[in-house]
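Comments concern the structure below.
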Amino acid sequence: MAKVTVGLEVGSSAVRMATVARGRSGATLQQIAQVRLAPGVVVDGEVVNGDELAASIRALTKTAKPASKDVHLGAVSQRMVARQVDLPWVPPKEFAKALPLLAADLLPMPVEDCVLDFLAYEEVLDEDGSRMLRGLLVAAGEDGVLAMVDAIEAAGLRVASVTLTPLATLGGVADAHAPGAEAVIDVGASMTSVTIQEHGQPHFVRILSRGGRDITTALAETLAISEEDAERWKVALPVMWQTMSPADRSTTENAVRSALTELVTDIRTSIDFYKTSESRRIERAYVVGGAGSTIGLVPILSTVLRVPVMPGTPHGVLPGKGMTAEQISLAMTPAAAPAVSLALGAA
């Protein structure tokens with residue numbers, strides 16, 4: 001019998017839900033749906049209006065019809081931290097209890113206010129020859145996590161696990177067997193995450209306070225139009241592109257390139273920091289997220305980063321026979337990758 005799991009991604013502008021079934025023949029995407037959030041319900045990944053979020057998720061479940069009420073939640077906010085550290089070796093049975101003490105001096109917030117996790121991937125020796133565990137320390141403000149869990153459970157669902165969305169997406173999109181490091185760039189409405197893995201292990205996570213809304217604002221300024229018109233123009237541009245004259249395309253390219261400059265610069269700076277600190281380079285990058293399909297973003301990043309950059313889709317997942325044309329269309333977009341990865345990782 002196939003095992004069915006549900007991934008739920010809560011962003012600042014939308015909530016997406018995906019159901020994945022995994023059996024002997026592989027993984028199948030059974031359902032995927034999204035619902036837009038009104039401005040101010042979730043701000044920079046933090047729940048501001050729990051009642052409105054719960055109402056939106058209830059509406060989403062009517063469309064997505066999840067096979068289980070147990071959902072694997074993915075979230076990201078400016079108050080979440082993920083960094084590579086070396087911690088003193090502790091026997092596995094004692095590690096969970098010791099983690100708050102070991103991490104206390106490594107976090108920008110009180111450890112007693114955090115939800116903690118540590119993804120260990122190798123054992124090393126320090127200068128004194130003492131055993132150390134190297135891995136990714138992940139911390140999130142407990143009150144923010146609980147507020148999101150409360151809203152989801154008020155909508156009639158049960159939260160089975162909570163994951164930092166960039167880590168789930170990294171596992172679903174990047175190639176763990178690739179010979180070099182890979183980056184997954186998740187461009188959301190108000191934030192962008194840059195996550196880098198090597199040999200299947202996450203080594204770097206950076207959350208940037210810039211996203212699709214900043215692109216819209218920059219377009220509005222460049223084109224001297226309102227932000228509402230700029231957003232409609234941005235969404236319609238891929239369809240309009242085919243009918244544009246060469247002159248209009250040139251003008252459009254210049255406007256888009258100008259609007260993307262600050263975001264692309266922030267992404268490049270983050271990857272350059274990784275390259276310098278780790279003395280490594282990335283070999284390729286994937287772009288996901290609600291604003292990941294912004295026209296021009298992938299080719300501009302490829303030019304700036306000087307590596308192959310492509311839209312990211314979770315590997316090894318086939319669309320189910322019962323999916324509608326609308327669901328298949330959504331599943332093929334970069335926006336779907338985080339929710340599908342959450343379901344796939346849980347499976």
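Ordering of the structure tokens sets the chain letters (A, B, ...), residue numbers begin anew at 1 in every chain, and ligands are numbered from 1 in the order given.
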| query | Please, which residues of segment 272-329 of chain A, numbered as in this document, come out strand (DSSP E or B) from DSSP, as a VMD selection string? | reply | chain A and resid 282 to 288 309 to 311 317 to 319
The selected residues should be written to file as a JSON list (two decimals), in the first residue's frame (atoms: C-alpha atoms).
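The file below, part_11.json, is the result:
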[["chain", "number", "residue", "atom", "x", "y", "z"],
["A", 282, "ILE", "CA", 28.88, 26.04, -6.62],
["A", 283, "GLU", "CA", 28.45, 24.04, -9.81],
["A", 284, "ARG", "CA", 24.79, 24.83, -10.52],
["A", 285, "ALA", "CA", 21.74, 26.54, -9.03],
["A", 286, "TYR", "CA", 17.98, 26.01, -9.03],
["A", 287, "VAL", "CA", 15.32, 28.71, -8.67],
["A", 288, "VAL", "CA", 12.02, 27.99, -6.90],
["A", 309, "VAL", "CA", 20.83, 28.08, -13.39],
["A", 310, "MET", "CA", 17.47, 26.41, -14.02],
["A", 311, "PRO", "CA", 13.94, 26.33, -12.60],
["A", 317, "VAL", "CA", 7.76, 12.76, -8.56],
["A", 318, "LEU", "CA", 5.24, 12.02, -11.32],
["A", 319, "PRO", "CA", 1.82, 13.70, -11.67]]
| request: From a DSSP pass on the backbone, collect the residues of segment 25-96 of chain A flagged as helix (DSSP H, G or I) and hand them back as a PyMOL selection string. | output: chain A and resi 50-64+92-96
| request: Give me the residues within 9 Å of Gln84 of chain A as a PyMOL selection string, counting only C-alpha atoms and dropping any in the same chain fewer than 3 places off. | output: chain A and resi 134-138+202-205
Could you save the residues just selected, with C-alpha atoms, as an mmCIF file, in the first residue's frame?
data_model
loop_
_atom_site.group_PDB
_atom_site.id
_atom_site.type_symbol
_atom_site.label_atom_id
_atom_site.label_comp_id
_atom_site.auth_asym_id
_atom_site.auth_seq_id
_atom_site.Cartn_x
_atom_site.Cartn_y
_atom_site.Cartn_z
ATOM 1 C CA ARG A 134 30.028 19.409 12.493
ATOM 2 C CA GLY A 135 26.576 20.162 11.178
ATOM 3 C CA LEU A 136 23.827 22.700 10.678
ATOM 4 C CA LEU A 137 22.327 24.315 13.774
ATOM 5 C CA VAL A 138 18.721 25.367 13.172
ATOM 6 C CA PRO A 202 23.179 21.312 3.807
ATOM 7 C CA HIS A 203 26.161 23.570 4.461
ATOM 8 C CA PHE A 204 24.757 27.074 4.144
ATOM 9 C CA VAL A 205 21.428 28.876 4.588
#
| field | Pick from A:Ile196, A:Val41, A:Val187, A:Val173 nearest to Gly316 of chain A, counting only C-alpha atoms | value |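 Comparing A:Ile196, A:Val41, A:Val187, A:Val173 against Gly316 of chain A, the winner is A:Val173.
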| Selection near Asp44 of chain A, 12 Å with only C-alpha atoms, sequence-local residues under 2 positions removed, as a PyMOL selection string | chain A and resi 10-14+39-42+46-48+75-80+144+188-192+207-211+213
| said: Which residues are near Pro334 of chain A? Cut-off 9 Å, only C-alpha atoms, ignore same chain within fewer than 6 positions. Put them as a list in words. | reply: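 My list of contacting residues is Asp186, Val287, Val288, Gly289, Gly290, Ala291, Gly292, Ser293, Pro311, Gly312 and Thr313 of chain A.
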Would you kindly return, as a PDB file with C-alpha atoms, in the first residue's frame, each protein, DNA or RNA residue with an atom no farther than 8 Å from any atom of Leu164 of chain A, considering only C-alpha atoms and excluding same-chain residues fewer than 2 positions away?
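Printed below is selection_17.pdb as written:
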ATOM      1  CA  GLY A  74       7.332  24.262   6.209  1.00  0.00           C
ATOM      2  CA  ALA A  75       7.966  27.836   7.306  1.00  0.00           C
ATOM      3  CA  VAL A  76      10.656  30.492   7.059  1.00  0.00           C
ATOM      4  CA  VAL A 162       7.870  21.467  11.334  1.00  0.00           C
ATOM      5  CA  PRO A 166      14.595  25.982   2.489  1.00  0.00           C
ATOM      6  CA  LEU A 167      15.975  22.730   3.931  1.00  0.00           C
ATOM      7  CA  ALA A 168      12.992  20.699   2.730  1.00  0.00           C
TER       8      ALA A 168
END
| said: Could you check the closest approach to Ser68 of chain A for each of A:Val239, A:Val90, A:Leu125, A:Val159 and tell me which residue wins, using only C-alpha atoms? | reply: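 When distances to Ser68 of chain A are compared using only C-alpha atoms, the smallest one comes from A:Val159.
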| message | Just the number, please: distance in Å from atom CA of Ser193 of chain A to atom CA of Val4 of chain A, one decimal. | response | 27.9 Å
| message | Applying 8 Å and only C-alpha atoms, which residues near segment 27-33 of chain A remain after dropping the ones on its own chain fewer than 6 positions away? List them as a VMD selection string. | response | chain A and resid 16 to 21 60 63 to 66 316 to 323 327 330 to 331 336 340 344
Kindly save the residues from that selection, with N, CA and C atoms included, as a PDB file, in the first residue's frame.
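Saved to selection.pdb:
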ATOM      1  N   ARG A  16       0.403  26.829   0.269  1.00  0.00           N
ATOM      2  CA  ARG A  16       0.324  25.767  -0.736  1.00  0.00           C
ATOM      3  C   ARG A  16       0.339  24.411  -0.050  1.00  0.00           C
ATOM      4  N   MET A  17      -0.467  23.507  -0.573  1.00  0.00           N
ATOM      5  CA  MET A  17      -0.588  22.162  -0.004  1.00  0.00           C
ATOM      6  C   MET A  17      -0.397  21.129  -1.099  1.00  0.00           C
ATOM      7  N   ALA A  18       0.429  20.117  -0.818  1.00  0.00           N
ATOM      8  CA  ALA A  18       0.684  19.054  -1.786  1.00  0.00           C
ATOM      9  C   ALA A  18       0.547  17.702  -1.105  1.00  0.00           C
ATOM     10  N   THR A  19      -0.031  16.751  -1.810  1.00  0.00           N
ATOM     11  CA  THR A  19      -0.168  15.379  -1.322  1.00  0.00           C
ATOM     12  C   THR A  19       0.642  14.455  -2.222  1.00  0.00           C
ATOM     13  N   VAL A  20       1.544  13.685  -1.624  1.00  0.00           N
ATOM     14  CA  VAL A  20       2.404  12.759  -2.360  1.00  0.00           C
ATOM     15  C   VAL A  20       2.149  11.343  -1.853  1.00  0.00           C
ATOM     16  N   ALA A  21       2.011  10.429  -2.793  1.00  0.00           N
ATOM     17  CA  ALA A  21       1.887   9.003  -2.457  1.00  0.00           C
ATOM     18  C   ALA A  21       3.146   8.294  -2.931  1.00  0.00           C
ATOM     19  N   LEU A  60      -8.469  26.255   1.664  1.00  0.00           N
ATOM     20  CA  LEU A  60      -7.510  25.483   0.870  1.00  0.00           C
ATOM     21  C   LEU A  60      -7.804  23.991   0.941  1.00  0.00           C
ATOM     22  N   THR A  63     -10.299  22.718  -1.471  1.00  0.00           N
ATOM     23  CA  THR A  63      -9.815  22.584  -2.847  1.00  0.00           C
ATOM     24  C   THR A  63      -8.828  21.429  -2.976  1.00  0.00           C
ATOM     25  N   ALA A  64      -7.897  21.346  -2.012  1.00  0.00           N
ATOM     26  CA  ALA A  64      -6.824  20.339  -2.106  1.00  0.00           C
ATOM     27  C   ALA A  64      -7.289  18.946  -1.732  1.00  0.00           C
ATOM     28  N   LYS A  65      -8.315  18.865  -0.858  1.00  0.00           N
ATOM     29  CA  LYS A  65      -8.835  17.577  -0.405  1.00  0.00           C
ATOM     30  C   LYS A  65      -7.714  16.623   0.008  1.00  0.00           C
ATOM     31  N   PRO A  66      -6.926  16.989   1.034  1.00  0.00           N
ATOM     32  CA  PRO A  66      -5.800  16.138   1.439  1.00  0.00           C
ATOM     33  C   PRO A  66      -6.269  14.780   1.931  1.00  0.00           C
ATOM     34  N   GLY A 316      11.964  12.895  -9.130  1.00  0.00           N
ATOM     35  CA  GLY A 316      11.383  11.585  -8.823  1.00  0.00           C
ATOM     36  C   GLY A 316       9.912  11.602  -8.494  1.00  0.00           C
ATOM     37  N   VAL A 317       9.194  12.675  -8.844  1.00  0.00           N
ATOM     38  CA  VAL A 317       7.760  12.757  -8.556  1.00  0.00           C
ATOM     39  C   VAL A 317       6.994  12.886  -9.872  1.00  0.00           C
ATOM     40  N   LEU A 318       6.048  11.989 -10.108  1.00  0.00           N
ATOM     41  CA  LEU A 318       5.242  12.024 -11.320  1.00  0.00           C
ATOM     42  C   LEU A 318       3.835  12.508 -11.002  1.00  0.00           C
ATOM     43  N   PRO A 319       3.202  13.243 -11.919  1.00  0.00           N
ATOM     44  CA  PRO A 319       1.818  13.699 -11.666  1.00  0.00           C
ATOM     45  C   PRO A 319       0.851  12.535 -11.658  1.00  0.00           C
ATOM     46  N   GLY A 320      -0.097  12.564 -10.740  1.00  0.00           N
ATOM     47  CA  GLY A 320      -1.088  11.503 -10.648  1.00  0.00           C
ATOM     48  C   GLY A 320      -2.157  11.627 -11.716  1.00  0.00           C
ATOM     49  N   LYS A 321      -2.848  10.530 -11.991  1.00  0.00           N
ATOM     50  CA  LYS A 321      -3.865  10.510 -13.040  1.00  0.00           C
ATOM     51  C   LYS A 321      -5.083  11.357 -12.681  1.00  0.00           C
ATOM     52  N   GLY A 322      -5.322  11.553 -11.392  1.00  0.00           N
ATOM     53  CA  GLY A 322      -6.520  12.281 -10.995  1.00  0.00           C
ATOM     54  C   GLY A 322      -6.348  13.787 -10.936  1.00  0.00           C
ATOM     55  N   MET A 323      -5.172  14.294 -11.265  1.00  0.00           N
ATOM     56  CA  MET A 323      -4.935  15.736 -11.176  1.00  0.00           C
ATOM     57  C   MET A 323      -5.631  16.478 -12.315  1.00  0.00           C
ATOM     58  N   GLN A 327      -4.120  21.881 -11.709  1.00  0.00           N
ATOM     59  CA  GLN A 327      -3.142  21.363 -10.761  1.00  0.00           C
ATOM     60  C   GLN A 327      -1.837  20.992 -11.454  1.00  0.00           C
ATOM     61  N   LEU A 330       0.063  24.164 -12.110  1.00  0.00           N
ATOM     62  CA  LEU A 330       0.687  24.678 -10.897  1.00  0.00           C
ATOM     63  C   LEU A 330       1.901  23.828 -10.521  1.00  0.00           C
ATOM     64  N   ALA A 331       1.778  22.509 -10.662  1.00  0.00           N
ATOM     65  CA  ALA A 331       2.872  21.604 -10.279  1.00  0.00           C
ATOM     66  C   ALA A 331       4.126  21.841 -11.097  1.00  0.00           C
ATOM     67  N   ALA A 336       5.563  25.577  -6.851  1.00  0.00           N
ATOM     68  CA  ALA A 336       5.096  24.330  -6.260  1.00  0.00           C
ATOM     69  C   ALA A 336       6.191  23.561  -5.540  1.00  0.00           C
ATOM     70  N   VAL A 340       5.696  20.492  -2.491  1.00  0.00           N
ATOM     71  CA  VAL A 340       5.903  19.112  -2.940  1.00  0.00           C
ATOM     72  C   VAL A 340       7.119  18.504  -2.223  1.00  0.00           C
ATOM     73  N   LEU A 344       7.237  15.189  -0.072  1.00  0.00           N
ATOM     74  CA  LEU A 344       8.152  14.147  -0.536  1.00  0.00           C
ATOM     75  C   LEU A 344       9.160  13.776   0.555  1.00  0.00           C
TER      76      LEU A 344
END
